[in-house]
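Report on the following structure.
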Amino acid sequence: MYSLPVYKRSPVWLQNMMLSARGYGRRTLREGSAFRRELEEVERTQWLGRVAMQRLQLERLQKVVRHAALHVPYYRESFAAAGFSPDQLVALEDVQRIPVLTKRNAFDAGERMLAENALGPRFSNSTSGTTGMSMKVQRDLQSINRENAFVWRQCIWAGGRPGDRRVWIRGDKIVPADVKAPPFWRYSKADNMLMMSSYHLSEQSAEHYIRAIEAFDPVFGMVYPSAVLLLARYMVNAGRTYRGKSLRGFMTSSETVTDEHRRLVQEAFGCRIFDWYGSAERVTAIGNCEHGNYHVISDYGFTELAPKEDGTCEVIGTSFDNFLMPWIRYRLGDSIMPVDPGYTCPCGRAFPVVKQIVGRVEDYVLTPDGRHVFMMSNALDHIPNLLEGQVRQDSVDEVQILIVPAPGTQIDKAAAVAAAKAQLGEGLLISVREVAEIPRTSNGKLRVVVRTI
Ligand SMILES: [Zn+2]
C-alpha cells in the first residue's frame, strides 16, 4: 500500500486513516477468533513439562511428515529416494532418518514444495536473496495465525498485550522517501500503534523520534535492533534518558543483538530487549524470556542443533505449521552456541536454552586463511563514540569499517582499527571511512557485514 501513488500523495491525516483501514482489514483476517484460540493454546503449552512437550512435538512432527509424504511432490520423491516412510517416525530420534533439506533443494524444487490438496488463502513472502537463491515462501492462514500467536506470546513476556499502545520501527515505508521534515511516523488507530520509519532515522532526526515516542508513551515496542540502538546511543551520548512512563520492553528481531546493545537500551530507555530469532520459512524460533535467556521455542517447531567443529551448532528446523508449503529438516545455515543441557531457566519453561545466536549465515568476514569470523557487532561495540557502523568486505585481504560518529563527537580511527583487529586477527588490511549514514537493505535492515566476495 505504501508504494501506491495515492498513499504517497495523501496528507498525513489521510495516510493515518489509510493505515488504520489496512490495520482493521489485517486484524479481521489475521487476528480474529482463530488467532485468539491459537494464542490461548500457546499461552498454555509454554508451561508443558519436558515429557509432555516431547509428546506434543512428536505428534506435530508425525502429522506434518505424513501430510508431506502424501501431498507434497518434493517430499514424496525425496522420502522414497531415501527409503523413508512416515511409519518409521515413532520417536523424536527417528527424525534423523528423514533427508535434510538444503536451500538449494528447496530452490530447485520450486512449486513441487507446495501441497497438491491445499485450499484457502495464500500469503507469500520472500527469503533473503543474499545467497542468490531468494525464493517465495507461501503460507496458509493457519501458519499466519500461529506465527502471530507466538509473536504475541513473546510480546506478553516483554510486558505488552494485544491492544496496548505500541511503537513500531521496522522496514515499512510508511513515510515517503522525499519527506524531509517530521513527522517521520504515522498512527494506526486499528492497532493502537505509532509506526515510525526506519529509513528517516538518523542523528539529525533522532531527537524528534524520541520526543514523539515520549508523547505517545507506548507500553512496548516492536523494532529493529539497529533502530532502537541508534536512539539509545544518541540519548546516552546526549546525557539524556527517556521520559515516557509506560514503556516495559522492546521486542526486536531480524538483526544481531549483543550484550552491549542490551546495556545501552537499558541505560537509555530503562527497559530490556526481548530478542526474537526466526526465519522467512518459519521453521525455528528462538526468543528471550523474562529472565533474559534465549529459548528454543519447542512448541513452535522441531529444532535440531547439529554440532560443528568450532563448538557451535548448526540449526536445522522443521515447521509444525504451514501445510501449504511444509519445511522439513531444513538446514538454515545459521549457528548458535548451546548451553549445558542440564541447565534450566528460572522462568520455569522446559524450552532448551541457547547461550548465543552466533551469526546469521551471511554475516561473517572471510579471512585470507579461509576462516569465517562472525559477531562483528562485538567489534563495533568497542569503538568509542560510534552511532552506527558496518563492515564491508570487497576483497579477500581487505575490509573497510564504515562509521557514523555520535553527534558532536569524533571517532579515533586507530581505535576502530584496533577493535576490528581484536576480532579478526592479523592478515587483513583494515581501513576506516567516516560516512553520513549507513545504507539500509530494501527491508530497512542494517546489515553488520556486507561482503561482496
Ligand atoms: Zn526462561
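Ordered as shown in the C-alpha cells, chains take letters A, B, and onward, while each chain numbers its residues from 1 and ligands are numbered from 1 in the order shown.
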Test item: residues at most 8 Å from Asn237 of chain A, only C-alpha atoms, excluding those fewer than 5 positions along its chain, as a list of chain:residue names: A:Asn385, A:Ala406, A:Pro407
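Residues within 12 Å of Pro99 of chain A, counting only C-alpha atoms and excluding same-chain residues fewer than 3 positions away, are Val65, Tyr74, Tyr75, Arg76, Glu77, Ser78, Phe79, Ala80, Ala81, Ala82, Gly83, Phe84, Ser85, Asp94, Val95, Gln96, Thr102, Asn105, Ile316, Thr318, Trp327, Ile328, Arg329, Tyr330 and Arg331 of chain A.
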Residues of segment 130-223 of chain A in helix (DSSP H, G or I), written as a PyMOL selection string: chain A and resi 141-157+206-216
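When the distance limit is 12 Å and only C-alpha atoms are what count, the residues near Glu214 of chain A, minus those fewer than 6 positions from it on the same chain, are A:Arg165, A:Arg166, A:Val167, A:Leu194, A:Glu207, A:His208, A:Phe220, A:Thr241, A:Tyr242, A:Arg243, A:Gly244, A:Lys245, A:Ser246, A:Leu247, A:Phe269.
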Write the residues you've just listed into a file as a PDB file, in the first residue's frame, and include N, CA and C atoms for each of them.
ATOM      1  N   ARG A 165      -0.811   0.252  23.731  1.00  0.00           N
ATOM      2  CA  ARG A 165      -0.072   1.189  22.876  1.00  0.00           C
ATOM      3  C   ARG A 165       1.301   0.616  22.565  1.00  0.00           C
ATOM      4  N   ARG A 166       1.642   0.612  21.278  1.00  0.00           N
ATOM      5  CA  ARG A 166       2.982   0.135  20.928  1.00  0.00           C
ATOM      6  C   ARG A 166       3.614   1.009  19.867  1.00  0.00           C
ATOM      7  N   VAL A 167       4.927   1.018  19.874  1.00  0.00           N
ATOM      8  CA  VAL A 167       5.661   1.744  18.841  1.00  0.00           C
ATOM      9  C   VAL A 167       6.310   0.702  17.930  1.00  0.00           C
ATOM     10  N   LEU A 194       2.024   3.449  16.949  1.00  0.00           N
ATOM     11  CA  LEU A 194       2.784   4.514  16.306  1.00  0.00           C
ATOM     12  C   LEU A 194       3.811   3.845  15.401  1.00  0.00           C
ATOM     13  N   GLU A 207      16.257  13.085  17.852  1.00  0.00           N
ATOM     14  CA  GLU A 207      15.558  13.796  18.929  1.00  0.00           C
ATOM     15  C   GLU A 207      14.052  13.875  18.636  1.00  0.00           C
ATOM     16  N   HIS A 208      13.695  14.115  17.376  1.00  0.00           N
ATOM     17  CA  HIS A 208      12.269  14.151  17.004  1.00  0.00           C
ATOM     18  C   HIS A 208      11.599  12.807  17.309  1.00  0.00           C
ATOM     19  N   PHE A 220       5.006  -0.991  24.911  1.00  0.00           N
ATOM     20  CA  PHE A 220       6.129  -1.791  24.399  1.00  0.00           C
ATOM     21  C   PHE A 220       6.395  -1.417  22.944  1.00  0.00           C
ATOM     22  N   THR A 241      17.877  10.756  29.338  1.00  0.00           N
ATOM     23  CA  THR A 241      17.187   9.469  29.374  1.00  0.00           C
ATOM     24  C   THR A 241      15.749   9.658  28.908  1.00  0.00           C
ATOM     25  N   TYR A 242      15.104   8.546  28.730  1.00  0.00           N
ATOM     26  CA  TYR A 242      13.743   8.515  28.202  1.00  0.00           C
ATOM     27  C   TYR A 242      12.750   8.999  29.267  1.00  0.00           C
ATOM     28  N   ARG A 243      11.790   9.838  28.840  1.00  0.00           N
ATOM     29  CA  ARG A 243      10.867  10.421  29.835  1.00  0.00           C
ATOM     30  C   ARG A 243       9.459   9.834  29.807  1.00  0.00           C
ATOM     31  N   GLY A 244       9.236   8.833  28.944  1.00  0.00           N
ATOM     32  CA  GLY A 244       7.915   8.191  28.942  1.00  0.00           C
ATOM     33  C   GLY A 244       7.700   7.405  30.235  1.00  0.00           C
ATOM     34  N   LYS A 245       6.420   7.082  30.543  1.00  0.00           N
ATOM     35  CA  LYS A 245       6.139   6.445  31.837  1.00  0.00           C
ATOM     36  C   LYS A 245       5.781   4.959  31.725  1.00  0.00           C
ATOM     37  N   SER A 246       5.288   4.539  30.536  1.00  0.00           N
ATOM     38  CA  SER A 246       4.672   3.215  30.483  1.00  0.00           C
ATOM     39  C   SER A 246       5.528   2.117  29.866  1.00  0.00           C
ATOM     40  N   LEU A 247       6.656   2.491  29.275  1.00  0.00           N
ATOM     41  CA  LEU A 247       7.429   1.534  28.475  1.00  0.00           C
ATOM     42  C   LEU A 247       7.961   0.372  29.321  1.00  0.00           C
ATOM     43  N   PHE A 269      16.613   3.745  27.882  1.00  0.00           N
ATOM     44  CA  PHE A 269      15.146   3.627  27.957  1.00  0.00           C
ATOM     45  C   PHE A 269      14.658   3.040  29.282  1.00  0.00           C
TER      46      PHE A 269
END
Would you write out, as JSON lines, a table of all residues in chain A that have an atom no more than 12 Å from an atom of ligand 1, listing for each the closest atom pair and the distance in Å to one decimal, considering only C-alpha atoms and all ligand atoms and ordering rows by chain and rising residue number?
{"residue": "A:Gln46", "atom": "CA", "partner": "ligand 1", "partner_atom_place_in_ligand_line": "1 (Zn)", "distance": 10.4}
{"residue": "A:Trp47", "atom": "CA", "partner": "ligand 1", "partner_atom_place_in_ligand_line": "1 (Zn)", "distance": 10.9}
{"residue": "A:Gln154", "atom": "CA", "partner": "ligand 1", "partner_atom_place_in_ligand_line": "1 (Zn)", "distance": 11.4}
{"residue": "A:Trp157", "atom": "CA", "partner": "ligand 1", "partner_atom_place_in_ligand_line": "1 (Zn)", "distance": 9.9}
{"residue": "A:Phe274", "atom": "CA", "partner": "ligand 1", "partner_atom_place_in_ligand_line": "1 (Zn)", "distance": 11.4}
{"residue": "A:Ile286", "atom": "CA", "partner": "ligand 1", "partner_atom_place_in_ligand_line": "1 (Zn)", "distance": 11.2}
{"residue": "A:Gly287", "atom": "CA", "partner": "ligand 1", "partner_atom_place_in_ligand_line": "1 (Zn)", "distance": 9.1}
{"residue": "A:Asn288", "atom": "CA", "partner": "ligand 1", "partner_atom_place_in_ligand_line": "1 (Zn)", "distance": 7.1}
{"residue": "A:Cys289", "atom": "CA", "partner": "ligand 1", "partner_atom_place_in_ligand_line": "1 (Zn)", "distance": 4.6}
{"residue": "A:Glu290", "atom": "CA", "partner": "ligand 1", "partner_atom_place_in_ligand_line": "1 (Zn)", "distance": 6.3}
{"residue": "A:His291", "atom": "CA", "partner": "ligand 1", "partner_atom_place_in_ligand_line": "1 (Zn)", "distance": 5.4}
{"residue": "A:Gly292", "atom": "CA", "partner": "ligand 1", "partner_atom_place_in_ligand_line": "1 (Zn)", "distance": 6.9}
{"residue": "A:Asn293", "atom": "CA", "partner": "ligand 1", "partner_atom_place_in_ligand_line": "1 (Zn)", "distance": 5.3}
{"residue": "A:Tyr294", "atom": "CA", "partner": "ligand 1", "partner_atom_place_in_ligand_line": "1 (Zn)", "distance": 7.1}
{"residue": "A:His295", "atom": "CA", "partner": "ligand 1", "partner_atom_place_in_ligand_line": "1 (Zn)", "distance": 6.5}
{"residue": "A:Val296", "atom": "CA", "partner": "ligand 1", "partner_atom_place_in_ligand_line": "1 (Zn)", "distance": 9.9}
{"residue": "A:Ile297", "atom": "CA", "partner": "ligand 1", "partner_atom_place_in_ligand_line": "1 (Zn)", "distance": 10.5}
{"residue": "A:Tyr343", "atom": "CA", "partner": "ligand 1", "partner_atom_place_in_ligand_line": "1 (Zn)", "distance": 10.6}
{"residue": "A:Thr344", "atom": "CA", "partner": "ligand 1", "partner_atom_place_in_ligand_line": "1 (Zn)", "distance": 7.9}
{"residue": "A:Cys345", "atom": "CA", "partner": "ligand 1", "partner_atom_place_in_ligand_line": "1 (Zn)", "distance": 4.6}
{"residue": "A:Pro346", "atom": "CA", "partner": "ligand 1", "partner_atom_place_in_ligand_line": "1 (Zn)", "distance": 6.0}
{"residue": "A:Cys347", "atom": "CA", "partner": "ligand 1", "partner_atom_place_in_ligand_line": "1 (Zn)", "distance": 4.2}
{"residue": "A:Gly348", "atom": "CA", "partner": "ligand 1", "partner_atom_place_in_ligand_line": "1 (Zn)", "distance": 6.5}
{"residue": "A:Arg349", "atom": "CA", "partner": "ligand 1", "partner_atom_place_in_ligand_line": "1 (Zn)", "distance": 6.0}
{"residue": "A:Ala350", "atom": "CA", "partner": "ligand 1", "partner_atom_place_in_ligand_line": "1 (Zn)", "distance": 8.4}
{"residue": "A:Phe351", "atom": "CA", "partner": "ligand 1", "partner_atom_place_in_ligand_line": "1 (Zn)", "distance": 7.7}
{"residue": "A:Pro352", "atom": "CA", "partner": "ligand 1", "partner_atom_place_in_ligand_line": "1 (Zn)", "distance": 8.8}
{"residue": "A:Val353", "atom": "CA", "partner": "ligand 1", "partner_atom_place_in_ligand_line": "1 (Zn)", "distance": 7.5}
{"residue": "A:Val354", "atom": "CA", "partner": "ligand 1", "partner_atom_place_in_ligand_line": "1 (Zn)", "distance": 10.2}
{"residue": "A:Lys355", "atom": "CA", "partner": "ligand 1", "partner_atom_place_in_ligand_line": "1 (Zn)", "distance": 11.7}
DSSP-assigned strand (DSSP E) among segment 211-289 of chain A, expressed as number ranges by chain: A: 220-223, 249-253, 272-277, 286-288
Could you save those same residues with N, CA and C atoms as a PDB file, in the first residue's frame?
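Final file, again-v9.pdb:
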ATOM      1  N   PHE A 220       5.006  -0.991  24.911  1.00  0.00           N
ATOM      2  CA  PHE A 220       6.129  -1.791  24.399  1.00  0.00           C
ATOM      3  C   PHE A 220       6.395  -1.417  22.944  1.00  0.00           C
ATOM      4  N   GLY A 221       7.535  -1.909  22.446  1.00  0.00           N
ATOM      5  CA  GLY A 221       7.917  -1.595  21.076  1.00  0.00           C
ATOM      6  C   GLY A 221       8.249  -2.854  20.299  1.00  0.00           C
ATOM      7  N   MET A 222       8.008  -2.808  18.981  1.00  0.00           N
ATOM      8  CA  MET A 222       8.444  -3.886  18.086  1.00  0.00           C
ATOM      9  C   MET A 222       9.348  -3.205  17.067  1.00  0.00           C
ATOM     10  N   VAL A 223      10.642  -3.450  17.183  1.00  0.00           N
ATOM     11  CA  VAL A 223      11.607  -2.604  16.481  1.00  0.00           C
ATOM     12  C   VAL A 223      12.783  -3.414  15.935  1.00  0.00           C
ATOM     13  N   GLY A 249       9.197  -2.828  27.564  1.00  0.00           N
ATOM     14  CA  GLY A 249      10.197  -3.639  26.867  1.00  0.00           C
ATOM     15  C   GLY A 249      10.125  -3.452  25.364  1.00  0.00           C
ATOM     16  N   PHE A 250      11.202  -3.844  24.689  1.00  0.00           N
ATOM     17  CA  PHE A 250      11.238  -3.819  23.230  1.00  0.00           C
ATOM     18  C   PHE A 250      11.372  -5.244  22.718  1.00  0.00           C
ATOM     19  N   MET A 251      10.524  -5.611  21.796  1.00  0.00           N
ATOM     20  CA  MET A 251      10.733  -6.877  21.099  1.00  0.00           C
ATOM     21  C   MET A 251      11.498  -6.566  19.822  1.00  0.00           C
ATOM     22  N   THR A 252      12.659  -7.203  19.683  1.00  0.00           N
ATOM     23  CA  THR A 252      13.478  -6.978  18.485  1.00  0.00           C
ATOM     24  C   THR A 252      13.581  -8.269  17.691  1.00  0.00           C
ATOM     25  N   SER A 253      13.910  -8.140  16.421  1.00  0.00           N
ATOM     26  CA  SER A 253      14.197  -9.315  15.603  1.00  0.00           C
ATOM     27  C   SER A 253      14.902  -8.874  14.343  1.00  0.00           C
ATOM     28  N   ARG A 272      14.190  -3.496  28.925  1.00  0.00           N
ATOM     29  CA  ARG A 272      15.004  -4.529  28.286  1.00  0.00           C
ATOM     30  C   ARG A 272      14.604  -4.822  26.854  1.00  0.00           C
ATOM     31  N   ILE A 273      15.534  -5.481  26.174  1.00  0.00           N
ATOM     32  CA  ILE A 273      15.275  -6.001  24.833  1.00  0.00           C
ATOM     33  C   ILE A 273      14.850  -7.460  24.974  1.00  0.00           C
ATOM     34  N   PHE A 274      13.792  -7.826  24.272  1.00  0.00           N
ATOM     35  CA  PHE A 274      13.373  -9.227  24.170  1.00  0.00           C
ATOM     36  C   PHE A 274      13.570  -9.615  22.714  1.00  0.00           C
ATOM     37  N   ASP A 275      14.671 -10.278  22.448  1.00  0.00           N
ATOM     38  CA  ASP A 275      15.027 -10.541  21.060  1.00  0.00           C
ATOM     39  C   ASP A 275      14.377 -11.834  20.563  1.00  0.00           C
ATOM     40  N   TRP A 276      14.080 -11.844  19.302  1.00  0.00           N
ATOM     41  CA  TRP A 276      13.408 -12.982  18.670  1.00  0.00           C
ATOM     42  C   TRP A 276      14.162 -13.344  17.412  1.00  0.00           C
ATOM     43  N   TYR A 277      14.478 -14.618  17.282  1.00  0.00           N
ATOM     44  CA  TYR A 277      15.155 -15.082  16.076  1.00  0.00           C
ATOM     45  C   TYR A 277      14.187 -15.971  15.310  1.00  0.00           C
ATOM     46  N   ILE A 286      13.600 -18.680  18.238  1.00  0.00           N
ATOM     47  CA  ILE A 286      14.376 -18.609  19.470  1.00  0.00           C
ATOM     48  C   ILE A 286      14.071 -17.237  20.069  1.00  0.00           C
ATOM     49  N   GLY A 287      13.668 -17.202  21.333  1.00  0.00           N
ATOM     50  CA  GLY A 287      13.283 -15.906  21.897  1.00  0.00           C
ATOM     51  C   GLY A 287      13.741 -15.729  23.331  1.00  0.00           C
ATOM     52  N   ASN A 288      13.952 -14.478  23.719  1.00  0.00           N
ATOM     53  CA  ASN A 288      14.337 -14.143  25.100  1.00  0.00           C
ATOM     54  C   ASN A 288      13.134 -14.187  26.030  1.00  0.00           C
TER      55      ASN A 288
END
Segment 284-347 of chain A near segment 134-143 of chain A within 6 Å: what's each residue's closest atom pair and its distance in Å to one decimal, counting only C-alpha atoms, ordered by chain then ascending residue number, as a tab-separated table?
residue	atom	partner	partner_atom	distance
A:Asp321	CA	A:Ser143	CA	5.3
A:Asn322	CA	A:Ser143	CA	4.8
A:Leu324	CA	A:Asp140	CA	5.8
For C-alpha atoms, I'd like the residues from the last selection saved as a short mmCIF file (atom, residue, chain, number, x, y, z; two decimals), in the first residue's frame.
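Produced file selection_38.cif, reproduced below:
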data_model
loop_
_atom_site.label_atom_id
_atom_site.label_comp_id
_atom_site.auth_asym_id
_atom_site.auth_seq_id
_atom_site.Cartn_x
_atom_site.Cartn_y
_atom_site.Cartn_z
CA ASP A 321 2.51 -25.45 10.65
CA ASN A 322 2.06 -24.35 7.05
CA LEU A 324 0.59 -25.43 2.15
#
Test item: residues at most 10 Å from segment 13-26 of chain A, only C-alpha atoms, excluding those fewer than 2 positions along its chain, as an NGL selection string: :A and (1-2 or 6-11 or 28-32 or 174-175 or 185-195)
Residue selection dump (N, CA and C atoms) as a short mmCIF file (atom, residue, chain, number, x, y, z; two decimals), in the first residue's frame:
data_model
loop_
_atom_site.label_atom_id
_atom_site.label_comp_id
_atom_site.auth_asym_id
_atom_site.auth_seq_id
_atom_site.Cartn_x
_atom_site.Cartn_y
_atom_site.Cartn_z
N MET A 1 0.83 -1.20 0.00
CA MET A 1 0.00 0.00 0.00
C MET A 1 0.87 1.27 0.00
N TYR A 2 2.00 1.21 0.77
CA TYR A 2 2.83 2.42 0.92
C TYR A 2 3.42 2.90 -0.40
N VAL A 6 -1.35 7.07 -4.63
CA VAL A 6 -2.42 7.72 -3.87
C VAL A 6 -2.04 7.83 -2.39
N TYR A 7 -1.33 6.84 -1.86
CA TYR A 7 -0.87 6.92 -0.47
C TYR A 7 0.22 7.98 -0.33
N LYS A 8 1.19 7.91 -1.25
CA LYS A 8 2.33 8.83 -1.15
C LYS A 8 1.90 10.29 -1.24
N ARG A 9 0.85 10.56 -2.05
CA ARG A 9 0.44 11.95 -2.26
C ARG A 9 -0.51 12.47 -1.18
N SER A 10 -1.02 11.57 -0.34
CA SER A 10 -2.03 11.99 0.64
C SER A 10 -1.41 12.75 1.80
N PRO A 11 -2.21 13.65 2.40
CA PRO A 11 -1.70 14.32 3.61
C PRO A 11 -1.60 13.32 4.77
N THR A 28 -8.92 -8.38 11.01
CA THR A 28 -10.06 -9.26 10.79
C THR A 28 -9.58 -10.61 10.28
N LEU A 29 -8.62 -10.55 9.35
CA LEU A 29 -8.14 -11.79 8.74
C LEU A 29 -7.15 -12.53 9.63
N ARG A 30 -6.23 -11.78 10.23
CA ARG A 30 -5.09 -12.41 10.91
C ARG A 30 -5.22 -12.46 12.41
N GLU A 31 -6.12 -11.68 12.99
CA GLU A 31 -6.20 -11.68 14.44
C GLU A 31 -7.63 -11.86 14.91
N GLY A 32 -8.34 -12.70 14.19
CA GLY A 32 -9.73 -12.99 14.54
C GLY A 32 -9.79 -14.11 15.57
N ILE A 174 6.35 3.65 5.47
CA ILE A 174 5.11 4.36 5.75
C ILE A 174 5.22 5.86 5.48
N VAL A 175 6.46 6.36 5.46
CA VAL A 175 6.67 7.78 5.17
C VAL A 175 7.43 7.86 3.84
N TRP A 185 6.57 9.54 11.10
CA TRP A 185 5.80 8.43 11.66
C TRP A 185 4.34 8.65 11.34
N ARG A 186 3.57 7.59 11.45
CA ARG A 186 2.14 7.65 11.23
C ARG A 186 1.49 6.86 12.37
N TYR A 187 0.18 7.02 12.50
CA TYR A 187 -0.50 6.36 13.60
C TYR A 187 -1.61 5.45 13.07
N SER A 188 -1.59 4.19 13.46
CA SER A 188 -2.68 3.28 13.10
C SER A 188 -3.58 3.09 14.32
N LYS A 189 -4.79 3.65 14.18
CA LYS A 189 -5.76 3.54 15.28
C LYS A 189 -6.16 2.08 15.49
N ALA A 190 -6.27 1.36 14.37
CA ALA A 190 -6.71 -0.04 14.44
C ALA A 190 -5.79 -0.85 15.35
N ASP A 191 -4.51 -0.57 15.28
CA ASP A 191 -3.53 -1.33 16.05
C ASP A 191 -3.03 -0.58 17.29
N ASN A 192 -3.56 0.63 17.49
CA ASN A 192 -3.08 1.49 18.59
C ASN A 192 -1.55 1.57 18.53
N MET A 193 -1.07 1.87 17.33
CA MET A 193 0.37 1.72 17.08
C MET A 193 0.94 2.95 16.38
N LEU A 194 2.02 3.45 16.95
CA LEU A 194 2.78 4.51 16.31
C LEU A 194 3.81 3.85 15.40
N MET A 195 3.60 3.98 14.09
CA MET A 195 4.51 3.34 13.13
C MET A 195 5.54 4.36 12.67
#
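Of the listed residues (A:Ala280, A:Ala158, A:Val265, A:Val51), A:Ala280 comes nearest to Ser126 of chain A; the distances count only C-alpha atoms.
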Nearby residues (only C-alpha atoms) at most 8 Å from Val72 of chain A, same-chain spacing under 2 positions excluded, as a VMD selection string: chain A and resid 67 to 70 74 to 76 112 to 116
Residues within 10 Å of Ser442 of chain A, only C-alpha atoms, excluding chain neighbours under 3 positions, as a VMD selection string: chain A and resid 171 to 173 199 439 445 to 446
Nearest to Ile98 of chain A by atom-to-atom distance, counting only C-alpha atoms, from A:Leu61, A:Leu119, A:Val450, A:Val228: A:Leu61
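Neighbouring residues of Val42 of chain A at 12 Å or closer, counting only C-alpha atoms and skipping chain neighbours under 4 positions away, are Phe35, Arg36, Arg37, Glu38, Gln46, Trp47, Leu48, Met53, Leu56, Asn145, Arg146, Glu147, Asn148, Ala149, Phe150, Val151, Trp152, Arg153, Gln154, Ile156, Ile297, Ser298, Asp299 and Tyr300 of chain A.
In this comparison, which uses only C-alpha atoms, the residue of A:Arg240, A:Lys103, A:Arg360, A:His382 approaching Ala419 of chain A most closely is A:His382.
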